[in-house]
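*Asks:* This is the structure I want to talk about, given as structure tokens.
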Amino acid sequence: MNESPWQPYLPYNALLCRYDEIGTKGKNRHAFEKRLWSELRRRLAPMGEFSLITERGRIFLLPKDEKAHFSEEDLLCLRHEVPLISGLASLSPGFVLQPELAAIESCVMTHFPALHAAFRRHHGEAPCTYAMRCRRSDKGFPMSSQEIEIYFAGKLCQQFPDMTIDLRQAKLQVGLEIRQNLAFVFFERIAGAGGLPSGISGNVLALLSGGFDSPVACYQMMRRGCQVNYITFHSSPYTPPATLTKVADIARRLNSMQNPGKLLAVNLLPAQKAIRDLCSSRFRTVLYRRMMMRIASQVAYKLGDRALVSGDNLGQVASQTLENLAVIEEAGTMMLLRPLICADKWQIMKTAEKIGTWELSSQDVPDSCTVFAPPDPATKTHLPKIKQEEKALDLELLLQQCLQSTCFIDPQDYSETPAEFV
């Protein structure tokens with residue numbers, strides 16, 4: 001059952017939140033559920049306060065403050081926010097009822113005609129197929145799940161003779177959950193982001209650029225339960241202020257999917273100038289990125305982050321061959337995670353559209369990697385050769401010069417604050 005654009009407005013009085021992976025947890029499941037509940041409350045705050053009912057594998061949310069049902073604006077909020085909530089498999093707005101056949105029948109027969117009419121308005125004379133899916137965890141209920149499905153199929157198909165039953169891909173679906181203390185009727189299912197609740201797996205520091213890949217890598221780490229901080233590099237005055245404001249806009253968008261992470265900016269120019277003047281042009285890109293790894297490792301330790309994250313995608317550009325990736329990673333002193341390493345580019349772009357970073361990344365703004373870019377970058381470097389090149393550099397001095405420029409950027413207003421911890 002999927003959310004469809006033709007779904008009519010119905011005065012739903014509750015939400016059913018489902019999770020998948022959290023259900024595999026043991027004694028610590030409560031911690032995961034608590035984190036998911038916290039994220040749901042934060043993301044759905046425009047809908048008001050909720051009362052919480054937890055059942056195994058399910059979270060029911062009911063409106064507080066004498067709010068009898070959700071408004072059309074509330075449902076629009078759901079459809080916008082739910083697909084981006086990490087840890088949530090799906091959510092259905094629906095009706096909480098007494099677990100009695102009379103109450104269930106009254107609800108279905110009252111609201112199904114609006115669903116059928118909306119389908120006809122949207123699809124015209126297209127075939128209309130129907131199915132009910134019933135889950136009955138209360139075995140004391142006098143009818144089995146199959147008996148309930150047959151019962152309602154008879155009633156609804158008699159009232160709407162244009163419908164035929166299709167148990168696989170029905171256009172009109174009724175969902176029913178019967179539990180010991182409540183029943184829940186629903187007509188749509190909105191897919192969530194899945195995975196684990198953001199923040200449950202610890203903090204990481206992501207190397208965030210203005211491109212398409214690194215924001216998607218950040219999102220994938222959020223789906224695995226990580227709280228993501230960001231570090232970005234610029235080459236002022238060779239790169240314009242828009243280099244940082246673009247990244248700040250991306251960070252602001254990503255932060256809407258988690259408790260806001262910190263954004264730090266580092267001027268890489270001192271290292272880039274030295275590499276330009278003292279090293280072979282063919283190795284510039286790899287040497288730049290090795291310096292980024294050193295800087296990011298230092299910053300991550302200061303922030304208390306447990307790993308670095310990059311948007312590397314195997315074979316996409318010259319610096320992302322197996323040989324170059326290994327040489328670049330060696331310069332860091334912290335675990336490096338690459339969630340997109342095997343992703344197809346179309347998958348990355350599709351995810352960027354889904355999470356709302358595609359348009360931001362599409363803006364044509366220079367980044368630090370384009371400064372003094374070599375015309376002939378090496379695609380297969382070897383560590384001994386790179387270390388020989390680095391002997392011409394005062395790495396510790398360059399590291400400190402770059403770190404001294406580090407500042408926090410507020411993604412909301414672009415204000416900068418020196419990062420005094422470095």
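Starting from 1 in every chain, residues are counted up; chains themselves are A, B, ... following the order of the structure tokens, and ligands are numbered from 1 as listed.
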Quick one: which range 4-119 of chain A residues come within 9 Å of range 136-151 of chain A, and what is the nearest atom pair for each with the distance in Å to one decimal, counting only C-alpha atoms, rows ordered by chain and ascending number, as a Markdown table?
*Replies:*
```
| residue | atom | partner | partner_atom | distance |
| --- | --- | --- | --- | --- |
| A:Pro99 | CA | A:Phe141 | CA | 8.1 |
| A:Glu100 | CA | A:Phe141 | CA | 8.1 |
| A:Leu101 | CA | A:Ile148 | CA | 8.9 |
```
*Asks:* May I have the residues from that selection written out with N, CA and C atoms, as a PDB file, in the first residue's frame?
*Replies:*
```pdb
ATOM      1  N   PRO A  99     -11.352  -2.201  19.662  1.00  0.00           N
ATOM      2  CA  PRO A  99     -11.145  -3.440  18.891  1.00  0.00           C
ATOM      3  C   PRO A  99     -12.408  -4.297  18.840  1.00  0.00           C
ATOM      4  N   GLU A 100     -13.438  -3.758  18.232  1.00  0.00           N
ATOM      5  CA  GLU A 100     -14.724  -4.439  18.112  1.00  0.00           C
ATOM      6  C   GLU A 100     -15.178  -4.369  16.659  1.00  0.00           C
ATOM      7  N   LEU A 101     -15.801  -5.416  16.177  1.00  0.00           N
ATOM      8  CA  LEU A 101     -16.200  -5.475  14.775  1.00  0.00           C
ATOM      9  C   LEU A 101     -17.134  -4.331  14.411  1.00  0.00           C
TER      10      LEU A 101
END
```
*Asks:* Quick one: residues within 7 Å of Leu36 in chain A, only C-alpha atoms, excluding same-chain residues fewer than 4 positions away - as a PyMOL selection string?
*Replies:* chain A and resi 32+40+87+197
*Asks:* From the options A:His30, A:Gln173, A:Ala193, A:Gly57, which residue's atoms come nearest to Glu81 in chain A, counting only C-alpha atoms?
*Replies:*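 Using only C-alpha atoms, Glu81 in chain A sits closest to A:Ala193.
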*Asks:* Rounded to one decimal place, report the CA of Ala183 in chain A-CA of Leu62 in chain A distance in Å.
*Replies:*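 Distance reported for this atom pair: 13.2 Å.
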*Asks:* Could you jot down the CA of Ser236 in chain A to CA of Ser405 in chain A separation for me, Å, one decimal place?
*Replies:*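 So the answer is 10.6 Å.
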*Asks:* Tell me which protein, DNA and RNA residues are within 10 Å of Pro411 in chain A, counting only C-alpha atoms, leaving out same-chain ones fewer than 5 positions away, and put them as a ChimeraX atom specification.
*Replies:* /A:244-253,255,260-263,416
*Asks:* Just the selected residues (C-alpha atoms), exported as a short mmCIF file (atom, residue, chain, number, x, y, z; two decimals), in the first residue's frame, please.
*Replies:*
```cif
data_model
loop_
_atom_site.label_atom_id
_atom_site.label_comp_id
_atom_site.auth_asym_id
_atom_site.auth_seq_id
_atom_site.Cartn_x
_atom_site.Cartn_y
_atom_site.Cartn_z
CA LEU A 244 31.00 28.64 1.54
CA THR A 245 27.43 29.87 1.37
CA LYS A 246 26.57 27.07 -1.06
CA VAL A 247 27.95 24.45 1.32
CA ALA A 248 26.18 26.15 4.24
CA ASP A 249 22.89 25.88 2.33
CA ILE A 250 23.52 22.17 1.78
CA ALA A 251 24.39 21.69 5.47
CA ARG A 252 21.19 23.49 6.46
CA ARG A 253 19.18 21.14 4.28
CA ASN A 255 20.44 19.36 9.24
CA PRO A 260 21.77 20.06 13.64
CA GLY A 261 25.42 19.17 13.06
CA LYS A 262 28.33 21.59 13.21
CA LEU A 263 29.82 23.01 10.01
CA GLU A 416 31.53 32.75 11.17
#
```
*Asks:* Assign secondary structure with DSSP using the backbone only, and return the residues of range 22-177 of chain A in helix (DSSP H, G or I) as a PyMOL selection string.
*Replies:* chain A and resi 22-24+29-43+45-47+72-84+101-123+145-159
*Asks:* Which is closer to Arg29 in chain A than all the others in A:Ser310, A:Val327, A:Ile200, A:Arg289, using only C-alpha atoms?
*Replies:*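 The shortest atom-to-atom distance to Arg29 in chain A comes from A:Ile200.
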*Asks:* Looking at only C-alpha atoms, which of A:Ala242, A:Leu340, A:Ile85, A:Ala217 is the one that sits closest to Tyr414 in chain A?
*Replies:* A:Ala242
*Asks:* Can you write out as a Markdown table which residues of range 32-68 of chain A fall within 12 Å of range 13-16 of chain A, alongside each residue's closest atom pair and its distance in Å to one decimal, counting only C-alpha atoms and ordering rows by chain and ascending residue number?
*Replies:*
```
| residue | atom | partner | partner_atom | distance |
| --- | --- | --- | --- | --- |
| A:Leu40 | CA | A:Leu15 | CA | 11.0 |
| A:Leu44 | CA | A:Leu15 | CA | 11.2 |
| A:Met47 | CA | A:Leu15 | CA | 11.5 |
| A:Glu49 | CA | A:Ala14 | CA | 12.0 |
| A:Phe50 | CA | A:Ala14 | CA | 9.2 |
| A:Ser51 | CA | A:Ala14 | CA | 9.5 |
| A:Leu52 | CA | A:Leu15 | CA | 9.9 |
| A:Ile53 | CA | A:Leu16 | CA | 9.6 |
| A:Thr54 | CA | A:Leu16 | CA | 9.9 |
| A:Glu55 | CA | A:Leu16 | CA | 10.4 |
| A:Gly57 | CA | A:Leu16 | CA | 10.4 |
| A:Arg58 | CA | A:Leu16 | CA | 6.9 |
| A:Ile59 | CA | A:Leu16 | CA | 6.0 |
| A:Phe60 | CA | A:Leu16 | CA | 4.7 |
| A:Leu61 | CA | A:Leu15 | CA | 5.0 |
| A:Leu62 | CA | A:Ala14 | CA | 4.6 |
| A:Pro63 | CA | A:Ala14 | CA | 6.8 |
| A:Lys64 | CA | A:Asn13 | CA | 10.3 |
| A:Glu66 | CA | A:Asn13 | CA | 11.0 |
| A:Lys67 | CA | A:Asn13 | CA | 8.5 |
| A:Ala68 | CA | A:Asn13 | CA | 6.3 |
```
*Asks:* With distances taken over only C-alpha atoms, which of A:Ile165, A:Ala343, A:Ala191, A:Leu287 is nearest to Ile328 in chain A?
*Replies:*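 For Ile328 in chain A, the nearest of the candidates is A:Leu287.
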*Asks:* Could you check which of A:Val82, A:Leu208, A:Ala114, A:Met334 is closest to Asp367 in chain A, using only C-alpha atoms?
*Replies:*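 Of A:Val82, A:Leu208, A:Ala114, A:Met334, the one nearest Asp367 in chain A is A:Leu208, counting only C-alpha atoms.
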